[in-house]
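Note sheet for the following structure.
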Amino acid sequence: MHDTTGPLLLTGDSLTAADLAAVARHGRLVAIAPQARARLDAGRRVVEAVIARDEPVYGLTRGLGPQVGHTLSHDDMAAFSLRTLRGRAHAVGPRLPRDQVRAVMAVRLNGLLQGGAGITPVIAALLAEVLNRNLLPQLPSIGSIGASDLCVLAQLGLVLVGEGEIAVGDRVRPAAEALRGAGLEPATLGPKDGIALCSASSLSAGLGALALHDAGELWRLAQLAAAASLEAFRGNLTPHDPRATAARPAPGQPEASAHLLRILAGSALTDTAEARRLQDPLSLRTVGPLHGSLLAALRFLEPAVLAEVNGAGDNPLVVVEEERLISTANFQTTALALALETLGQALAHTAAGSVARCGKILAPALSGLPLGLSPRGPGNSGLTPILKIAQSLLQEIRHLAQPVPGDLRPPADGVEDELTTAPQAAKKLLEALWRVRLVLGIELTVAAQAMELREAKPAPTVAAALAALREIIAPLDEDRPFGAELERLDADLLENGALLTRAGVPPLPDHA
């Protein structure tokens, strides 16, 4: 385990989603491990040896794409590296936010440390310095088809040579000026350095890793919200009995139910006589299989993400041990795209369950509680209109969960005839995640009001969550607007995981 108080030691093969989130969002510094520096040096020596032998290698001694038959002269190889970046830096659209840019940089740096790119080592060191000095390359967000994020990463590469723009604090400056202002000299590219910088899937992998991290935290929040709803409704816990989950152990279900029972330890609901009904509505009764499927989707995504952030997606690839370069298909991100889309579908189901539980608690005929959970009685709306916000969010989540169409329009003279949708899937998954988090915040707010009206004495974990929530959202008395309070709840307690910490929600279950 890395020392979380010092720089994160990048080895090229041990970066986790949590590590990446710390670098991307909390400014953790990075350092290149000695063994990784050795691999960088070894990889570069192989590139230089292959040039000396004049071997035919794609993107090094020969051209790229449809120009693969063109032989590059020794004098032109370094200039060709710069042309490679300039000829692909065509991305457009809104600039990526700070955390996403930092994630992209960290993932590309980690990939270079495998040695398979054969990049000039000082360029990798410069990338680490740009990251550590909080310089922010301005990267447009649109331009990848999922077969390497070439057009976006080319703009990152150009920043390192002093072209393009970098944000320094709140000011966007020309890249060369920003680098020199930080005491850094722009890079001078050598042979293969251009393709080494842009031929990777760091955008897809970086955003996918952030989504993986956020979804793991959100799973715990969903469990907490469901536990609060069970307390509010006086739900029946028998569906989470280990005997029940063992009888049909769907992926993730036994672990989800066991985790939920840990959150509810000490609750009066552990005595089944306290349950309101013999059988609850499905949204309350099926939390185990529902959240189990989300856990299974997380486990499906994790290896696909880690293979990208800790792998060498380079083409061509330096094989240091054999002192040669070989062509690969390691830039293709089909597995990542499929796993991202699967998690998006699971999140939509999770959000739908949360909205449904809110509806059941707000229905007097089912919950036995006042209409709208208002203590003022008729003439007051109470919390009933908050369901409109939850439903609106759910509609957007369901829209974002729809797979990106994979229709094929082969570019590059027909060569690129198999594409993926990984970057688009990662971007819309991040968009869906914060919406799901807001839905769960609404569920917690509704459940808190219901528990207080019932004068419930919930499990200690749920009680701690309720106490933290009440520091931001006061109990409902007279009707009042809740939008700003929900946004503050998200900003102060949900987005940063503070509510999970304060409530003592157990961590994600270990893999079976």
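In the structure tokens, chains take the letters A, B, ... in the order shown, each chain's residues start at 1, and ligands count up from 1 in the order shown.
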task: Please provide the set of residues having any atom within 12 Å of Leu230 of chain A, restricted to only C-alpha atoms, with same-chain residues fewer than 6 positions apart removed, written as a VMD selection string.
output: chain A and resid 223 to 224 236 to 238 240 260 to 261 263 to 264 267 to 270 274 to 277 280 to 281 283 to 287 354 357 to 358 360 to 361 367 443 to 444 446 to 448 450 to 451 456 458 to 459 462
task: With a distance cut-off of 7 Å and only C-alpha atoms, select the neighbouring residues of segment 26-31 of chain A, excluding the residue or stretch itself and same-chain residues fewer than 6 positions from it, and output the selection as a list in words.
output: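 The residues satisfying every condition are Pro7, Leu8, Leu9, Leu10, Ala128 and Asn132 of chain A.
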Got a sec: who's within 9 Å of Ala182 of chain A, counting only C-alpha atoms, leaving out chain neighbours fewer than 6 positions off, as a JSON list (two decimals) with N, CA, C and O atoms, in the first residue's frame?
[["chain", "number", "residue", "atom", "x", "y", "z"],
["A", 130, "VAL", "N", 4.61, 18.58, -14.77],
["A", 130, "VAL", "CA", 3.41, 19.37, -15.11],
["A", 130, "VAL", "C", 2.27, 18.99, -14.17],
["A", 130, "VAL", "O", 1.52, 19.85, -13.68],
["A", 133, "ARG", "N", 3.03, 20.28, -10.52],
["A", 133, "ARG", "CA", 3.01, 21.74, -10.36],
["A", 133, "ARG", "C", 1.63, 22.32, -10.62],
["A", 133, "ARG", "O", 1.46, 23.54, -10.69],
["A", 135, "LEU", "N", -0.20, 22.45, -13.18],
["A", 135, "LEU", "CA", -0.45, 23.07, -14.47],
["A", 135, "LEU", "C", -1.52, 22.24, -15.18],
["A", 135, "LEU", "O", -1.47, 21.02, -15.17]]
field: Per-residue DSSP, segment 325-478 of chain A, filtered to helix (DSSP H, G or I), as number ranges by chain
entry: A: 334-361, 364-367, 371-373, 386-400, 412-414, 422-454, 460-470
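If you count only C-alpha atoms and ignore residues fewer than 6 places along the chain from Ala17 of chain A, what sits within 10 Å of it is Val23, Ala103, Gly206, Gly208, Ala209, Leu210, Ala211, Leu212, His213, Asp214, Gly216, Glu302, Val305, Leu306 and Val309 of chain A.
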I need the residues from that last selection saved to file as an mmCIF file, in the first residue's frame (with N, CA and C atoms), if you can.
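The file below, selection-v9.cif, is the result:
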data_model
loop_
_atom_site.group_PDB
_atom_site.id
_atom_site.type_symbol
_atom_site.label_atom_id
_atom_site.label_comp_id
_atom_site.auth_asym_id
_atom_site.auth_seq_id
_atom_site.Cartn_x
_atom_site.Cartn_y
_atom_site.Cartn_z
ATOM 1 N N VAL A 23 -4.941 11.659 -6.804
ATOM 2 C CA VAL A 23 -4.115 12.527 -7.647
ATOM 3 C C VAL A 23 -4.984 13.537 -8.383
ATOM 4 N N ALA A 103 -6.508 13.186 -14.275
ATOM 5 C CA ALA A 103 -6.614 11.728 -14.399
ATOM 6 C C ALA A 103 -6.002 11.255 -15.709
ATOM 7 N N GLY A 206 -8.816 6.996 -17.852
ATOM 8 C CA GLY A 206 -8.821 7.931 -16.734
ATOM 9 C C GLY A 206 -10.226 8.238 -16.263
ATOM 10 N N GLY A 208 -12.868 6.400 -16.909
ATOM 11 C CA GLY A 208 -13.444 5.146 -16.427
ATOM 12 C C GLY A 208 -13.011 4.823 -15.006
ATOM 13 N N ALA A 209 -11.754 5.130 -14.678
ATOM 14 C CA ALA A 209 -11.259 4.864 -13.323
ATOM 15 C C ALA A 209 -11.928 5.780 -12.309
ATOM 16 N N LEU A 210 -12.134 7.058 -12.668
ATOM 17 C CA LEU A 210 -12.854 7.951 -11.771
ATOM 18 C C LEU A 210 -14.283 7.464 -11.555
ATOM 19 N N ALA A 211 -14.915 6.987 -12.625
ATOM 20 C CA ALA A 211 -16.279 6.466 -12.507
ATOM 21 C C ALA A 211 -16.310 5.223 -11.625
ATOM 22 N N LEU A 212 -15.322 4.362 -11.765
ATOM 23 C CA LEU A 212 -15.244 3.164 -10.923
ATOM 24 C C LEU A 212 -15.138 3.547 -9.456
ATOM 25 N N HIS A 213 -14.261 4.489 -9.161
ATOM 26 C CA HIS A 213 -14.103 4.939 -7.769
ATOM 27 C C HIS A 213 -15.398 5.538 -7.237
ATOM 28 N N ASP A 214 -16.007 6.427 -8.016
ATOM 29 C CA ASP A 214 -17.231 7.095 -7.562
ATOM 30 C C ASP A 214 -18.377 6.105 -7.394
ATOM 31 N N GLY A 216 -18.159 2.971 -6.595
ATOM 32 C CA GLY A 216 -17.960 2.187 -5.379
ATOM 33 C C GLY A 216 -18.442 2.926 -4.148
ATOM 34 N N GLU A 302 -14.060 -3.292 -12.876
ATOM 35 C CA GLU A 302 -12.752 -3.091 -12.248
ATOM 36 C C GLU A 302 -11.589 -3.677 -13.050
ATOM 37 N N VAL A 305 -10.904 -1.626 -16.229
ATOM 38 C CA VAL A 305 -10.258 -0.346 -15.954
ATOM 39 C C VAL A 305 -8.788 -0.543 -15.597
ATOM 40 N N LEU A 306 -8.520 -1.474 -14.691
ATOM 41 C CA LEU A 306 -7.146 -1.656 -14.227
ATOM 42 C C LEU A 306 -6.231 -2.165 -15.334
ATOM 43 N N VAL A 309 -5.301 1.203 -17.072
ATOM 44 C CA VAL A 309 -4.456 2.169 -16.361
ATOM 45 C C VAL A 309 -3.091 1.590 -16.014
#
query: Which of these residues is nearest to Cys198 of chain A, using only C-alpha atoms: A:Ala244, A:Leu112, A:Leu369, A:Leu433?
result: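 So, comparing all the options, the nearest one is A:Leu112.
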- prompt: A:Pro475, A:Pro251, A:Gly441, A:Gly292: which is nearest His349 of chain A, counting only C-alpha atoms?
  reply: A:Gly292
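Going from atom CA of Arg25 of chain A over to atom CA of Asp99 of chain A, you cover 5.2 Å.
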- request: Go through A:Leu127, A:Leu347, A:Ile386, A:Val152 one by one, measure the shortest atom-to-atom distance of each to Leu400 of chain A using only C-alpha atoms, and give the residue with the smallest value.
  value: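 Result for the nearest residue to Leu400 of chain A: A:Leu347.
Closest approach to Pro289 of chain A among A:Glu485, A:Glu416, A:Glu255, A:Asp193: A:Glu255, based on only C-alpha atoms.
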- request: Measuring atom to atom with only C-alpha atoms, identify which of A:Ala304, A:Glu478, A:Gly497, A:Glu322 is nearest to Gly379 of chain A.
  value: A:Glu478
- prompt: Mind checking DSSP for segment 108-225 of chain A and telling me the strand (DSSP E or B) residues as a list of chain:residue names?
  reply: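 Filtering segment 108-225 of chain A down to strand (DSSP E or B) leaves A:Leu136, A:Pro137, A:Pro140, A:Ser141, A:Ile142, A:Ala147, A:Glu165, A:Ile166, A:Ala167, A:Val168, A:Arg171, A:Val172, A:Arg173, A:Pro174.
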For the selection just defined, write its residues with N, CA and C atoms to a file, as a CSV table (one decimal), in the first residue's frame.
chain,number,residue,atom,x,y,z
A,136,LEU,N,-2.5,22.9,-15.8
A,136,LEU,CA,-3.6,22.2,-16.3
A,136,LEU,C,-3.7,22.4,-17.9
A,137,PRO,N,-3.2,21.4,-18.6
A,137,PRO,CA,-3.4,21.5,-20.1
A,137,PRO,C,-4.9,21.6,-20.5
A,140,PRO,N,-9.7,19.7,-25.1
A,140,PRO,CA,-11.1,19.6,-25.6
A,140,PRO,C,-11.6,18.1,-25.4
A,141,SER,N,-12.9,18.0,-25.2
A,141,SER,CA,-13.4,16.7,-24.7
A,141,SER,C,-13.9,15.8,-25.8
A,142,ILE,N,-14.0,16.3,-27.0
A,142,ILE,CA,-14.6,15.5,-28.1
A,142,ILE,C,-13.5,15.2,-29.2
A,147,ALA,N,-10.5,4.0,-30.3
A,147,ALA,CA,-9.3,3.2,-30.8
A,147,ALA,C,-8.1,4.0,-30.6
A,165,GLU,N,-2.5,25.5,-24.9
A,165,GLU,CA,-2.7,26.3,-23.7
A,165,GLU,C,-2.7,25.5,-22.4
A,166,ILE,N,-2.3,26.2,-21.3
A,166,ILE,CA,-2.3,25.6,-20.0
A,166,ILE,C,-3.0,26.6,-19.0
A,167,ALA,N,-3.8,26.1,-18.2
A,167,ALA,CA,-4.4,27.0,-17.1
A,167,ALA,C,-3.5,26.9,-15.9
A,168,VAL,N,-3.2,28.1,-15.4
A,168,VAL,CA,-2.4,28.3,-14.2
A,168,VAL,C,-3.3,29.1,-13.3
A,171,ARG,N,-6.1,31.5,-14.7
A,171,ARG,CA,-5.7,32.2,-15.9
A,171,ARG,C,-5.2,31.1,-16.9
A,172,VAL,N,-5.7,31.2,-18.2
A,172,VAL,CA,-5.2,30.4,-19.3
A,172,VAL,C,-4.1,31.1,-20.0
A,173,ARG,N,-3.0,30.4,-20.1
A,173,ARG,CA,-1.8,31.1,-20.8
A,173,ARG,C,-1.3,30.2,-21.9
A,174,PRO,N,-0.5,30.8,-22.8
A,174,PRO,CA,0.1,29.9,-23.8
A,174,PRO,C,1.0,28.9,-23.1
